[in-house]
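Chemist: Please find final24.cif (mmCIF, C-alpha atoms) on the next line:
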data_run
#
loop_
_atom_site.group_PDB
_atom_site.id
_atom_site.type_symbol
_atom_site.label_atom_id
_atom_site.label_comp_id
_atom_site.auth_asym_id
_atom_site.auth_seq_id
_atom_site.Cartn_x
_atom_site.Cartn_y
_atom_site.Cartn_z
ATOM 1 C CA MET A 1122 104.551 75.814 108.386
ATOM 2 C CA ASN A 1123 108.050 77.124 108.849
ATOM 3 C CA LEU A 1124 108.085 80.892 108.370
ATOM 4 C CA ILE A 1125 111.053 83.269 108.146
ATOM 5 C CA GLU A 1126 110.171 86.906 107.639
ATOM 6 C CA ASN A 1127 110.973 90.523 108.299
ATOM 7 C CA GLU A 1128 109.484 93.776 107.016
ATOM 8 C CA ASN A 1129 110.893 93.223 103.507
ATOM 9 C CA TYR A 1130 110.482 89.538 102.757
ATOM 10 C CA LYS A 1131 108.797 86.285 103.672
ATOM 11 C CA VAL A 1132 109.920 82.678 103.147
ATOM 12 C CA ALA A 1133 107.324 80.031 103.987
ATOM 13 C CA TYR A 1134 108.047 76.287 103.947
ATOM 14 C CA ASP A 1135 104.876 74.235 103.868
ATOM 15 C CA SER A 1136 105.871 70.602 104.432
ATOM 16 C CA GLU A 1137 102.335 69.341 103.871
ATOM 17 C CA HIS A 1138 102.248 70.752 100.343
ATOM 18 C CA GLN A 1139 105.986 70.237 99.724
ATOM 19 C CA SER A 1140 106.446 73.873 98.804
ATOM 20 C CA VAL A 1141 108.566 76.873 99.709
ATOM 21 C CA VAL A 1142 107.175 80.280 98.797
ATOM 22 C CA PHE A 1143 109.349 83.397 98.651
ATOM 23 C CA SER A 1144 107.978 86.933 98.501
ATOM 24 C CA GLY A 1145 109.197 90.512 98.831
ATOM 25 C CA ILE A 1146 112.717 91.883 98.494
ATOM 26 C CA LEU A 1147 115.799 89.926 99.571
ATOM 27 C CA ARG A 1148 119.032 91.880 99.851
ATOM 28 C CA LEU A 1149 120.712 90.368 102.877
ATOM 29 C CA GLY A 1150 124.375 91.058 103.597
ATOM 30 C CA GLY A 1151 126.162 87.862 102.580
ATOM 31 C CA MET A 1152 125.829 84.134 103.108
ATOM 32 C CA ALA A 1153 125.913 84.360 106.904
ATOM 33 C CA GLU A 1154 122.745 86.457 106.903
ATOM 34 C CA TYR A 1155 121.104 84.049 104.463
ATOM 35 C CA ALA A 1156 121.877 81.102 106.763
ATOM 36 C CA PRO A 1157 118.372 80.768 108.324
ATOM 37 C CA ILE A 1158 116.768 80.656 104.847
ATOM 38 C CA ALA A 1159 119.475 78.289 103.556
ATOM 39 C CA GLU A 1160 118.836 75.976 106.515
ATOM 40 C CA CYS A 1161 115.099 76.015 105.854
ATOM 41 C CA LEU A 1162 115.745 75.035 102.219
ATOM 42 C CA GLU A 1163 118.133 72.256 103.298
ATOM 43 C CA GLN A 1164 115.441 70.943 105.617
ATOM 44 C CA ALA A 1165 112.925 70.982 102.752
ATOM 45 C CA VAL A 1166 115.332 68.942 100.575
ATOM 46 C CA ALA A 1167 115.998 66.479 103.408
ATOM 47 C CA GLU A 1168 112.306 65.914 104.198
ATOM 48 C CA ASN A 1169 110.915 65.485 100.676
ATOM 49 C CA SER A 1170 111.496 63.704 97.395
ATOM 50 C CA GLU A 1171 109.863 66.459 95.400
ATOM 51 C CA LEU A 1172 109.571 70.148 96.064
ATOM 52 C CA LYS A 1173 108.041 73.212 94.499
ATOM 53 C CA LEU A 1174 109.775 76.542 94.998
ATOM 54 C CA SER A 1175 107.688 79.596 94.166
ATOM 55 C CA LEU A 1176 109.534 82.846 93.502
ATOM 56 C CA LYS A 1177 106.622 84.520 91.699
ATOM 57 C CA ALA A 1178 106.358 87.266 94.298
ATOM 58 C CA LEU A 1179 110.087 87.725 94.900
ATOM 59 C CA GLU A 1180 110.649 91.161 93.390
ATOM 60 C CA PHE A 1181 114.350 91.396 94.037
ATOM 61 C CA LEU A 1182 117.261 89.129 94.942
ATOM 62 C CA ASN A 1183 120.885 90.232 95.298
ATOM 63 C CA SER A 1184 123.879 88.170 94.190
ATOM 64 C CA SER A 1185 124.365 86.694 97.681
ATOM 65 C CA GLY A 1186 120.779 85.462 97.409
ATOM 66 C CA ILE A 1187 121.550 83.952 94.003
ATOM 67 C CA ALA A 1188 124.493 82.134 95.649
ATOM 68 C CA MET A 1189 122.143 80.862 98.363
ATOM 69 C CA LEU A 1190 119.661 79.538 95.768
ATOM 70 C CA SER A 1191 122.527 77.898 93.822
ATOM 71 C CA LYS A 1192 123.663 76.132 96.941
ATOM 72 C CA PHE A 1193 120.139 74.818 97.468
ATOM 73 C CA VAL A 1194 119.800 73.636 93.845
ATOM 74 C CA ILE A 1195 123.147 71.804 94.066
ATOM 75 C CA SER A 1196 121.987 70.148 97.258
ATOM 76 C CA ALA A 1197 118.774 69.049 95.474
ATOM 77 C CA ARG A 1198 120.827 67.806 92.508
ATOM 78 C CA ASN A 1199 122.980 65.712 94.816
ATOM 79 C CA LYS A 1200 120.016 63.945 96.369
ATOM 80 C CA ALA A 1201 119.037 60.856 94.388
ATOM 81 C CA GLU A 1202 115.592 60.805 92.760
ATOM 82 C CA PHE A 1203 114.763 64.342 93.826
ATOM 83 C CA SER A 1204 112.336 66.346 91.736
ATOM 84 C CA LEU A 1205 112.499 70.139 91.889
ATOM 85 C CA GLN A 1206 110.238 72.688 90.262
ATOM 86 C CA ILE A 1207 110.907 76.415 90.395
ATOM 87 C CA ILE A 1208 108.068 78.739 89.487
ATOM 88 C CA GLY A 1209 108.916 82.326 88.662
ATOM 89 C CA SER A 1210 107.267 85.313 87.069
ATOM 90 C CA SER A 1211 107.815 86.551 83.531
ATOM 91 C CA GLU A 1212 106.801 90.001 84.817
ATOM 92 C CA ILE A 1213 109.869 90.316 87.030
ATOM 93 C CA PRO A 1214 112.919 90.968 84.818
ATOM 94 C CA TRP A 1215 115.684 89.564 87.095
ATOM 95 C CA GLN A 1216 113.964 86.191 87.127
ATOM 96 C CA GLY A 1217 114.036 85.879 83.324
ATOM 97 C CA LYS A 1218 117.709 86.841 83.356
ATOM 98 C CA SER A 1219 119.136 84.843 86.252
ATOM 99 C CA LEU A 1220 116.952 81.826 87.040
ATOM 100 C CA LYS A 1221 117.975 79.936 83.890
ATOM 101 C CA ASN A 1222 121.416 79.497 85.426
ATOM 102 C CA LEU A 1223 119.897 77.358 88.173
ATOM 103 C CA GLN A 1224 118.610 75.023 85.493
ATOM 104 C CA ARG A 1225 122.141 74.755 84.122
ATOM 105 C CA LEU A 1226 123.263 73.582 87.557
ATOM 106 C CA MET A 1227 120.519 70.943 87.644
ATOM 107 C CA PRO A 1228 119.297 70.025 84.138
ATOM 108 C CA SER A 1229 116.343 68.011 85.489
ATOM 109 C CA LEU A 1230 115.018 71.098 87.267
ATOM 110 C CA SER A 1231 111.677 72.234 85.891
ATOM 111 C CA LEU A 1232 111.661 76.017 85.533
ATOM 112 C CA VAL A 1233 108.348 77.698 84.771
ATOM 113 C CA LEU A 1234 107.996 81.467 84.282
ATOM 114 C CA GLU A 1235 104.303 82.291 84.501
ATOM 115 C CA MET B 1456 149.650 106.897 87.451
ATOM 116 C CA ALA B 1457 146.242 105.295 87.026
ATOM 117 C CA GLU B 1458 145.900 101.630 86.136
ATOM 118 C CA ILE B 1459 142.989 100.705 83.884
ATOM 119 C CA PHE B 1460 141.412 97.254 83.510
ATOM 120 C CA GLY B 1461 138.531 95.944 81.413
ATOM 121 C CA ASN B 1462 136.200 98.191 79.442
ATOM 122 C CA TYR B 1463 136.775 101.592 80.970
ATOM 123 C CA PHE B 1464 136.400 105.008 79.419
ATOM 124 C CA GLU B 1465 136.334 108.482 80.883
ATOM 125 C CA VAL B 1466 132.893 109.980 80.920
ATOM 126 C CA THR B 1467 131.930 113.485 81.902
ATOM 127 C CA PRO B 1468 128.424 114.381 82.997
ATOM 128 C CA GLU B 1469 128.151 116.749 80.028
ATOM 129 C CA GLN B 1470 128.267 113.754 77.704
ATOM 130 C CA GLY B 1471 125.079 112.319 79.131
ATOM 131 C CA ALA B 1472 121.493 113.406 78.656
ATOM 132 C CA GLU B 1473 120.862 113.052 82.386
ATOM 133 C CA HIS B 1474 123.092 112.373 85.323
ATOM 134 C CA MET B 1475 122.724 111.813 89.026
ATOM 135 C CA CYS B 1476 125.316 111.268 91.715
ATOM 136 C CA LEU B 1477 124.966 110.048 95.292
ATOM 137 C CA SER B 1478 127.896 110.408 97.648
ATOM 138 C CA PHE B 1479 128.422 108.927 101.112
ATOM 139 C CA LYS B 1480 130.997 109.648 103.756
ATOM 140 C CA PRO B 1481 132.940 106.583 104.961
ATOM 141 C CA SER B 1482 131.377 105.737 108.268
ATOM 142 C CA SER B 1483 132.167 104.000 111.501
ATOM 143 C CA VAL B 1484 128.528 102.967 111.954
ATOM 144 C CA PRO B 1485 128.408 99.144 111.731
ATOM 145 C CA ILE B 1486 127.780 97.759 108.247
ATOM 146 C CA LYS B 1487 124.740 95.808 109.424
ATOM 147 C CA GLN B 1488 123.120 99.083 110.432
ATOM 148 C CA ARG B 1489 123.995 100.849 107.169
ATOM 149 C CA TRP B 1490 123.218 97.917 104.847
ATOM 150 C CA ARG B 1491 119.631 98.898 104.077
ATOM 151 C CA ASN B 1492 120.855 102.199 102.622
ATOM 152 C CA ASN B 1493 122.259 100.256 99.648
ATOM 153 C CA GLY B 1494 118.805 99.040 98.669
ATOM 154 C CA LEU B 1495 117.199 102.425 99.342
ATOM 155 C CA SER B 1496 119.759 104.219 97.152
ATOM 156 C CA ALA B 1497 119.588 101.601 94.409
ATOM 157 C CA ASP B 1498 115.778 101.726 94.297
ATOM 158 C CA PHE B 1499 115.901 105.514 94.230
ATOM 159 C CA LEU B 1500 118.239 105.479 91.221
ATOM 160 C CA GLY B 1501 116.040 102.915 89.464
ATOM 161 C CA ASP B 1502 112.857 104.897 90.156
ATOM 162 C CA TYR B 1503 114.515 108.161 89.133
ATOM 163 C CA LEU B 1504 115.334 106.690 85.730
ATOM 164 C CA THR B 1505 111.729 105.735 85.002
ATOM 165 C CA THR B 1506 110.980 109.429 84.368
ATOM 166 C CA PHE B 1507 113.032 109.180 81.185
ATOM 167 C CA PHE B 1508 111.282 106.008 80.008
ATOM 168 C CA PRO B 1509 107.614 106.937 80.328
ATOM 169 C CA LYS B 1510 105.139 104.141 79.943
ATOM 170 C CA ASN B 1511 102.123 104.308 77.746
ATOM 171 C CA ASN B 1512 99.381 101.995 78.964
ATOM 172 C CA ASN B 1513 98.370 101.333 75.357
ATOM 173 C CA ASP B 1514 101.886 100.239 74.464
ATOM 174 C CA PRO B 1515 102.976 97.073 76.296
ATOM 175 C CA ALA B 1516 106.532 97.441 74.959
ATOM 176 C CA SER B 1517 106.932 100.797 76.730
ATOM 177 C CA ILE B 1518 105.742 99.273 80.024
ATOM 178 C CA LYS B 1519 108.138 96.347 79.657
ATOM 179 C CA LYS B 1520 111.048 98.648 78.853
ATOM 180 C CA GLN B 1521 110.438 100.849 81.881
ATOM 181 C CA VAL B 1522 110.180 97.844 84.215
ATOM 182 C CA SER B 1523 113.268 96.257 82.696
ATOM 183 C CA ILE B 1524 115.432 99.384 82.980
ATOM 184 C CA ARG B 1525 114.306 100.063 86.524
ATOM 185 C CA ASP B 1526 115.064 96.479 87.545
ATOM 186 C CA ALA B 1527 118.504 96.433 85.886
ATOM 187 C CA ALA B 1528 119.490 99.812 87.353
ATOM 188 C CA ALA B 1529 118.378 98.835 90.855
ATOM 189 C CA TYR B 1530 120.186 95.463 90.638
ATOM 190 C CA ILE B 1531 123.479 96.877 89.337
ATOM 191 C CA ALA B 1532 123.485 99.916 91.638
ATOM 192 C CA ASN B 1533 122.733 97.712 94.644
ATOM 193 C CA GLU B 1534 125.567 95.296 93.807
ATOM 194 C CA LEU B 1535 128.018 98.177 93.342
ATOM 195 C CA LEU B 1536 126.965 99.795 96.613
ATOM 196 C CA GLU B 1537 127.123 96.474 98.494
ATOM 197 C CA ASN B 1538 130.646 95.868 97.158
ATOM 198 C CA ALA B 1539 131.716 99.395 98.060
ATOM 199 C CA MET B 1540 130.392 98.958 101.574
ATOM 200 C CA LYS B 1541 132.028 95.556 102.054
ATOM 201 C CA TYR B 1542 135.374 96.304 100.472
ATOM 202 C CA SER B 1543 136.097 100.011 100.892
ATOM 203 C CA ASN B 1544 138.704 101.502 103.172
ATOM 204 C CA GLU B 1545 136.598 102.886 105.990
ATOM 205 C CA ASP B 1546 139.572 104.547 107.634
ATOM 206 C CA GLY B 1547 140.187 106.708 104.582
ATOM 207 C CA LYS B 1548 138.768 110.033 103.510
ATOM 208 C CA VAL B 1549 137.647 109.070 100.009
ATOM 209 C CA PRO B 1550 133.841 109.294 99.931
ATOM 210 C CA ASN B 1551 131.917 106.423 98.384
ATOM 211 C CA SER B 1552 129.974 107.671 95.407
ATOM 212 C CA ILE B 1553 127.772 106.276 92.695
ATOM 213 C CA ASP B 1554 127.011 108.171 89.531
ATOM 214 C CA LEU B 1555 124.417 107.247 86.968
ATOM 215 C CA THR B 1556 124.722 108.792 83.519
ATOM 216 C CA LEU B 1557 122.041 108.267 80.919
ATOM 217 C CA MET B 1558 123.214 108.421 77.326
ATOM 218 C CA GLU B 1559 121.232 107.949 74.161
ATOM 219 C CA ASP B 1560 121.828 104.220 73.908
ATOM 220 C CA LYS B 1561 123.365 103.255 77.231
ATOM 221 C CA LEU B 1562 123.411 103.660 80.981
ATOM 222 C CA ILE B 1563 126.731 104.191 82.731
ATOM 223 C CA PHE B 1564 127.215 103.442 86.429
ATOM 224 C CA THR B 1565 130.384 104.853 87.985
ATOM 225 C CA GLU B 1566 131.133 103.854 91.554
ATOM 226 C CA ILE B 1567 134.146 105.202 93.462
ATOM 227 C CA ASN B 1568 135.533 104.100 96.813
ATOM 228 C CA GLY B 1569 138.739 104.195 98.803
ATOM 229 C CA ILE B 1570 140.622 100.934 99.086
ATOM 230 C CA ASN B 1571 143.510 99.633 101.180
ATOM 231 C CA ASN B 1572 146.481 97.601 99.874
ATOM 232 C CA GLU B 1573 145.105 94.218 100.817
ATOM 233 C CA GLN B 1574 141.698 94.997 99.267
ATOM 234 C CA GLU B 1575 143.376 96.333 96.135
ATOM 235 C CA ASN B 1576 145.483 93.180 95.647
ATOM 236 C CA SER B 1577 142.521 90.892 96.171
ATOM 237 C CA PHE B 1578 140.401 92.954 93.755
ATOM 238 C CA LYS B 1579 143.126 92.917 91.096
ATOM 239 C CA SER B 1580 143.511 89.167 91.352
ATOM 240 C CA PHE B 1581 139.759 88.770 90.744
ATOM 241 C CA ILE B 1582 139.984 91.111 87.719
ATOM 242 C CA ASP B 1583 142.930 89.057 86.430
ATOM 243 C CA GLU B 1584 140.867 85.883 86.770
ATOM 244 C CA LEU B 1585 137.965 87.544 84.947
ATOM 245 C CA GLU B 1586 140.173 88.757 82.096
ATOM 246 C CA ASN B 1587 141.748 85.323 81.620
ATOM 247 C CA ASN B 1588 138.628 83.180 81.727
ATOM 248 C CA ASP B 1589 135.363 82.911 79.911
ATOM 249 C CA PRO B 1590 132.914 84.949 82.060
ATOM 250 C CA ASP B 1591 130.127 82.426 81.548
ATOM 251 C CA GLU B 1592 132.304 79.497 82.656
ATOM 252 C CA LEU B 1593 133.611 81.503 85.594
ATOM 253 C CA TYR B 1594 130.023 82.341 86.582
ATOM 254 C CA MET B 1595 128.968 78.686 86.599
ATOM 255 C CA GLN B 1596 132.150 77.775 88.464
ATOM 256 C CA ARG B 1597 131.387 80.406 91.126
ATOM 257 C CA LEU B 1598 127.817 79.100 91.470
ATOM 258 C CA GLU B 1599 129.171 75.566 91.953
ATOM 259 C CA GLU B 1600 131.662 76.862 94.515
ATOM 260 C CA SER B 1601 128.861 78.558 96.421
ATOM 261 C CA ALA B 1602 127.797 75.056 97.528
ATOM 262 C CA MET B 1603 131.218 74.372 99.042
ATOM 263 C CA THR B 1604 132.077 77.691 100.634
ATOM 264 C CA ASP B 1605 130.181 80.556 102.118
ATOM 265 C CA ILE B 1606 131.993 83.055 99.951
ATOM 266 C CA SER B 1607 130.308 84.405 96.835
ATOM 267 C CA SER B 1608 133.162 86.643 95.776
ATOM 268 C CA GLY B 1609 132.800 88.367 92.415
ATOM 269 C CA LEU B 1610 129.359 86.910 91.788
ATOM 270 C CA GLY B 1611 127.813 90.381 91.536
ATOM 271 C CA TYR B 1612 130.089 91.341 88.628
ATOM 272 C CA LEU B 1613 129.566 87.973 86.959
ATOM 273 C CA THR B 1614 125.776 88.348 87.074
ATOM 274 C CA MET B 1615 126.065 91.870 85.606
ATOM 275 C CA ILE B 1616 128.266 90.610 82.759
ATOM 276 C CA ASN B 1617 126.397 87.391 81.998
ATOM 277 C CA ASP B 1618 122.785 88.177 82.841
ATOM 278 C CA TYR B 1619 122.681 91.921 82.087
ATOM 279 C CA GLN B 1620 125.241 91.928 79.218
ATOM 280 C CA ALA B 1621 127.163 94.641 81.052
ATOM 281 C CA ALA B 1622 130.631 95.867 80.107
ATOM 282 C CA VAL B 1623 132.727 96.377 83.234
ATOM 283 C CA GLY B 1624 135.951 98.311 83.745
ATOM 284 C CA TRP B 1625 138.088 99.593 86.602
ATOM 285 C CA LYS B 1626 140.508 102.422 87.277
ATOM 286 C CA PHE B 1627 142.869 102.288 90.251
ATOM 287 C CA ASP B 1628 144.606 105.500 91.194
ATOM 288 C CA ILE B 1629 146.055 107.410 94.120
ATOM 289 C CA ASN B 1630 144.709 110.748 95.235
ATOM 290 C CA ASN B 1631 146.484 112.701 98.035
ATOM 291 C CA GLY B 1632 148.184 109.472 99.090
ATOM 292 C CA GLU B 1633 144.907 107.526 99.278
ATOM 293 C CA HIS B 1634 144.216 104.602 96.994
ATOM 294 C CA LYS B 1635 140.862 104.523 95.298
ATOM 295 C CA VAL B 1636 139.098 102.381 92.740
ATOM 296 C CA THR B 1637 136.562 103.521 90.180
ATOM 297 C CA THR B 1638 134.271 100.791 88.877
ATOM 298 C CA GLN B 1639 132.363 101.451 85.694
ATOM 299 C CA VAL B 1640 129.456 99.350 84.465
ATOM 300 C CA VAL B 1641 127.789 100.027 81.123
ATOM 301 C CA ILE B 1642 124.571 98.478 79.837
ATOM 302 C CA SER B 1643 122.804 99.084 76.538
ATOM 303 C CA ILE B 1644 119.262 100.412 76.708
#
Produce structure tokens that represent the structure in this file.
Modeler:
Amino acid sequence: MNLIENENYKVAYDSEHQSVVFSGILRLGGMAEYAPIAECLEQAVAENSELKLSLKALEFLNSSGIAMLSKFVISARNKAEFSLQIIGSSEIPWQGKSLKNLQRLMPSLSLVLE
Amino acid sequence: MAEIFGNYFEVTPEQGAEHMCLSFKPSSVPIKQRWRNNGLSADFLGDYLTTFFPKNNNDPASIKKQVSIRDAAAYIANELLENAMKYSNEDGKVPNSIDLTLMEDKLIFTEINGINNEQENSFKSFIDELENNDPDELYMQRLEESAMTDISSGLGYLTMINDYQAAVGWKFDINNGEHKVTTQVVISI
């Protein structure tokens, strides 16, 4: 388990279950501050052929975080035969508004809002 | 002489049903140390608004509306405050401020900060790009670019416009020799 966390958020990469789970509030100050999370996501793409990303407990993400997720989705798109599922929550308004754009970047992405 | 771009209109607090303003002195404290104040202020504004959209536990629509307005207000206010902190002229005397005015059918965010020449030119070139392109295409283009560069410039405004259906406008003017920019974001409620 690869875990990145502080008092506001937690990102856990579980290689055994091919999943990355985000929770809390992510409002870091630009791409440089997102680098450790971006690197963890890159590692998850490199090590797997399918991956499940759970954002169900991610209450808030700023636009720099959206850029970080876009970068990850593009990296997944560019890897041949890679299957990506993103699970969000229909109870968290930003997810219904902004996550669909990730699917536009990678049409084969499976987006589920539970 | 003020220069106006986008959807901008003068609004006075008297026009709104409710109004709240937070003002901050430009500071020499490092941004990293002050960054969390953006989220705290944005959440405060979002929570403050919920008073005017009470939820009735027997009415799911009222619960959804309150959650949705709180989320949108916190997102937009946070993006405006982050931009102001990253791009304002910290050597100037113009305080950073954010004003939230609640009207019958809309919410108006008005953010003011001082700006230096270089910041002003860069900001105006982004506004020019926004006015001459389809915002949706520009948004997707910026997301694609995020994979190539570590710069996510303008993405906050593009999410407000595309994902929150916000109307955005700017006023650049000079006050006592100091340049300032007023950013206005309007969403329907």
Chemist: Would you please work out which residue, of A:Ala1201, A:Leu1179, A:Ala1188, A:Cys1161, is nearest to Tyr1134 in chain A when using all atoms listed in the file?
Modeler: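 The closest residue to Tyr1134 in chain A is A:Cys1161.
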Chemist: Pick out the residues sitting within 7 Å of Val1549 in chain B, and hand them over as a list in words; count only C-alpha atoms, and ignore anything fewer than 2 positions along from it in its own chain.
Modeler: Gly1547, Asn1551, Asn1568 and Gly1569 of chain B
Chemist: Name the residues in contact with Glu1180 in chain A at a cut-off of 8 Å, using all atoms listed in the file, excluding same-chain residues fewer than 6 positions from it; report them as a PDB file with C-alpha atoms, in the frame of the given file.
Modeler:
ATOM      1  CA  SER A1144     107.978  86.933  98.501  1.00  0.00           C
ATOM      2  CA  GLY A1145     109.197  90.512  98.831  1.00  0.00           C
ATOM      3  CA  ILE A1146     112.717  91.883  98.494  1.00  0.00           C
ATOM      4  CA  ILE A1213     109.869  90.316  87.030  1.00  0.00           C
TER       5      ILE A1213
END
Chemist: Could you please tell me, as a list in words, which residues of chain B have an atom within 8 Å of chain A when using all atoms listed in the file?
Modeler: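 That gives the following set of residues: Lys1487, Trp1490, Gly1494, Val1522, Ser1523, Asp1526, Ala1527, Tyr1530, Asn1533, Glu1534, Glu1537, Met1595, Leu1598, Glu1599, Ser1601, Ala1602, Asp1605, Ile1606, Ser1607, Leu1610, Gly1611, Thr1614, Asp1618 and Tyr1619 of chain B.
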Chemist: Please identify all polymer residues within 7 Å of Asn1462 in chain B, counting all atoms listed in the file, omitting same-chain residues fewer than 4 positions from it, and present them as a ChimeraX atom specification.
Modeler: /B:1622-1624
Chemist: Can those selected residues be exported to a file as an mmCIF file, keeping the file's coordinate frame so that it contains C-alpha atoms?
Modeler:
data_model
loop_
_atom_site.group_PDB
_atom_site.id
_atom_site.type_symbol
_atom_site.label_atom_id
_atom_site.label_comp_id
_atom_site.auth_asym_id
_atom_site.auth_seq_id
_atom_site.Cartn_x
_atom_site.Cartn_y
_atom_site.Cartn_z
ATOM 1 C CA ALA B 1622 130.631 95.867 80.107
ATOM 2 C CA VAL B 1623 132.727 96.377 83.234
ATOM 3 C CA GLY B 1624 135.951 98.311 83.745
#
Chemist: Find the residues around Pro1590 in chain B up to 12 Å (all atoms listed in the file counted), leave out those fewer than 2 positions away in its own chain, and share them as JSON, numbers by chain.
Modeler: {"B": [1581, 1582, 1583, 1584, 1585, 1586, 1587, 1588, 1592, 1593, 1594, 1595, 1596, 1597, 1609, 1610, 1612, 1613, 1614, 1615, 1616, 1617, 1618, 1620, 1621, 1622, 1623]}
Chemist: Selected residues, C-alpha atoms, written as an mmCIF file, in the coordinates of the input, please.
Modeler:
data_model
loop_
_atom_site.group_PDB
_atom_site.id
_atom_site.type_symbol
_atom_site.label_atom_id
_atom_site.label_comp_id
_atom_site.auth_asym_id
_atom_site.auth_seq_id
_atom_site.Cartn_x
_atom_site.Cartn_y
_atom_site.Cartn_z
ATOM 1 C CA PHE B 1581 139.759 88.770 90.744
ATOM 2 C CA ILE B 1582 139.984 91.111 87.719
ATOM 3 C CA ASP B 1583 142.930 89.057 86.430
ATOM 4 C CA GLU B 1584 140.867 85.883 86.770
ATOM 5 C CA LEU B 1585 137.965 87.544 84.947
ATOM 6 C CA GLU B 1586 140.173 88.757 82.096
ATOM 7 C CA ASN B 1587 141.748 85.323 81.620
ATOM 8 C CA ASN B 1588 138.628 83.180 81.727
ATOM 9 C CA GLU B 1592 132.304 79.497 82.656
ATOM 10 C CA LEU B 1593 133.611 81.503 85.594
ATOM 11 C CA TYR B 1594 130.023 82.341 86.582
ATOM 12 C CA MET B 1595 128.968 78.686 86.599
ATOM 13 C CA GLN B 1596 132.150 77.775 88.464
ATOM 14 C CA ARG B 1597 131.387 80.406 91.126
ATOM 15 C CA GLY B 1609 132.800 88.367 92.415
ATOM 16 C CA LEU B 1610 129.359 86.910 91.788
ATOM 17 C CA TYR B 1612 130.089 91.341 88.628
ATOM 18 C CA LEU B 1613 129.566 87.973 86.959
ATOM 19 C CA THR B 1614 125.776 88.348 87.074
ATOM 20 C CA MET B 1615 126.065 91.870 85.606
ATOM 21 C CA ILE B 1616 128.266 90.610 82.759
ATOM 22 C CA ASN B 1617 126.397 87.391 81.998
ATOM 23 C CA ASP B 1618 122.785 88.177 82.841
ATOM 24 C CA GLN B 1620 125.241 91.928 79.218
ATOM 25 C CA ALA B 1621 127.163 94.641 81.052
ATOM 26 C CA ALA B 1622 130.631 95.867 80.107
ATOM 27 C CA VAL B 1623 132.727 96.377 83.234
#
Chemist: Please return, as a ChimeraX atom specification, all polymer residues that have at least one atom within 8 Å of the point (112.7, 74.8, 92.6); use only C-alpha atoms and the file's own coordinate frame.
Modeler: /A:1172-1175,1194,1205-1208,1230-1232
Chemist: Store the residues of this selection in a file with C-alpha atoms, as a JSON list (two decimals), in the coordinates of the input.
Modeler:
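File produced: out33.json:
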[["chain", "number", "residue", "atom", "x", "y", "z"],
["A", 1172, "LEU", "CA", 109.57, 70.15, 96.06],
["A", 1173, "LYS", "CA", 108.04, 73.21, 94.50],
["A", 1174, "LEU", "CA", 109.78, 76.54, 95.00],
["A", 1175, "SER", "CA", 107.69, 79.60, 94.17],
["A", 1194, "VAL", "CA", 119.80, 73.64, 93.84],
["A", 1205, "LEU", "CA", 112.50, 70.14, 91.89],
["A", 1206, "GLN", "CA", 110.24, 72.69, 90.26],
["A", 1207, "ILE", "CA", 110.91, 76.42, 90.40],
["A", 1208, "ILE", "CA", 108.07, 78.74, 89.49],
["A", 1230, "LEU", "CA", 115.02, 71.10, 87.27],
["A", 1231, "SER", "CA", 111.68, 72.23, 85.89],
["A", 1232, "LEU", "CA", 111.66, 76.02, 85.53]]
Chemist: Between CA of Lys1519 in chain B and CA of Ser1210 in chain A, what distance in Å does the model show, to one decimal?
Modeler: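 Atom-to-atom, CA of Lys1519 in chain B to CA of Ser1210 in chain A, that is 13.3 Å.
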Chemist: Under the rule that all atoms listed in the file are counted, which of A:Asn1123, A:Ser1170, A:Asn1129, A:Ser1136 is the nearest residue to Ser1204 in chain A?
Modeler: A:Ser1170
Chemist: With all atoms listed in the file as the basis for distance, which of B:Leu1557, B:Leu1495, B:Ala1516, B:Ile1644 is at the shortest distance from Gln1470 in chain B?
Modeler: B:Leu1557
Chemist: Report, in Å to a single decimal, how far apart CA of Leu1234 in chain A and CA of Gly1209 in chain A are.
Modeler: 4.6 Å
Chemist: As JSON, please: the centre and edge lengths in Å, to one decimal, of an axis-aligned box enclosing every listed atom of range 1197-1210 of chain A with 8 Å added on each side.
Modeler:
{"center_x": 115.1, "center_y": 73.1, "center_z": 91.7, "size_x": 31.7, "size_y": 40.5, "size_z": 25.3}
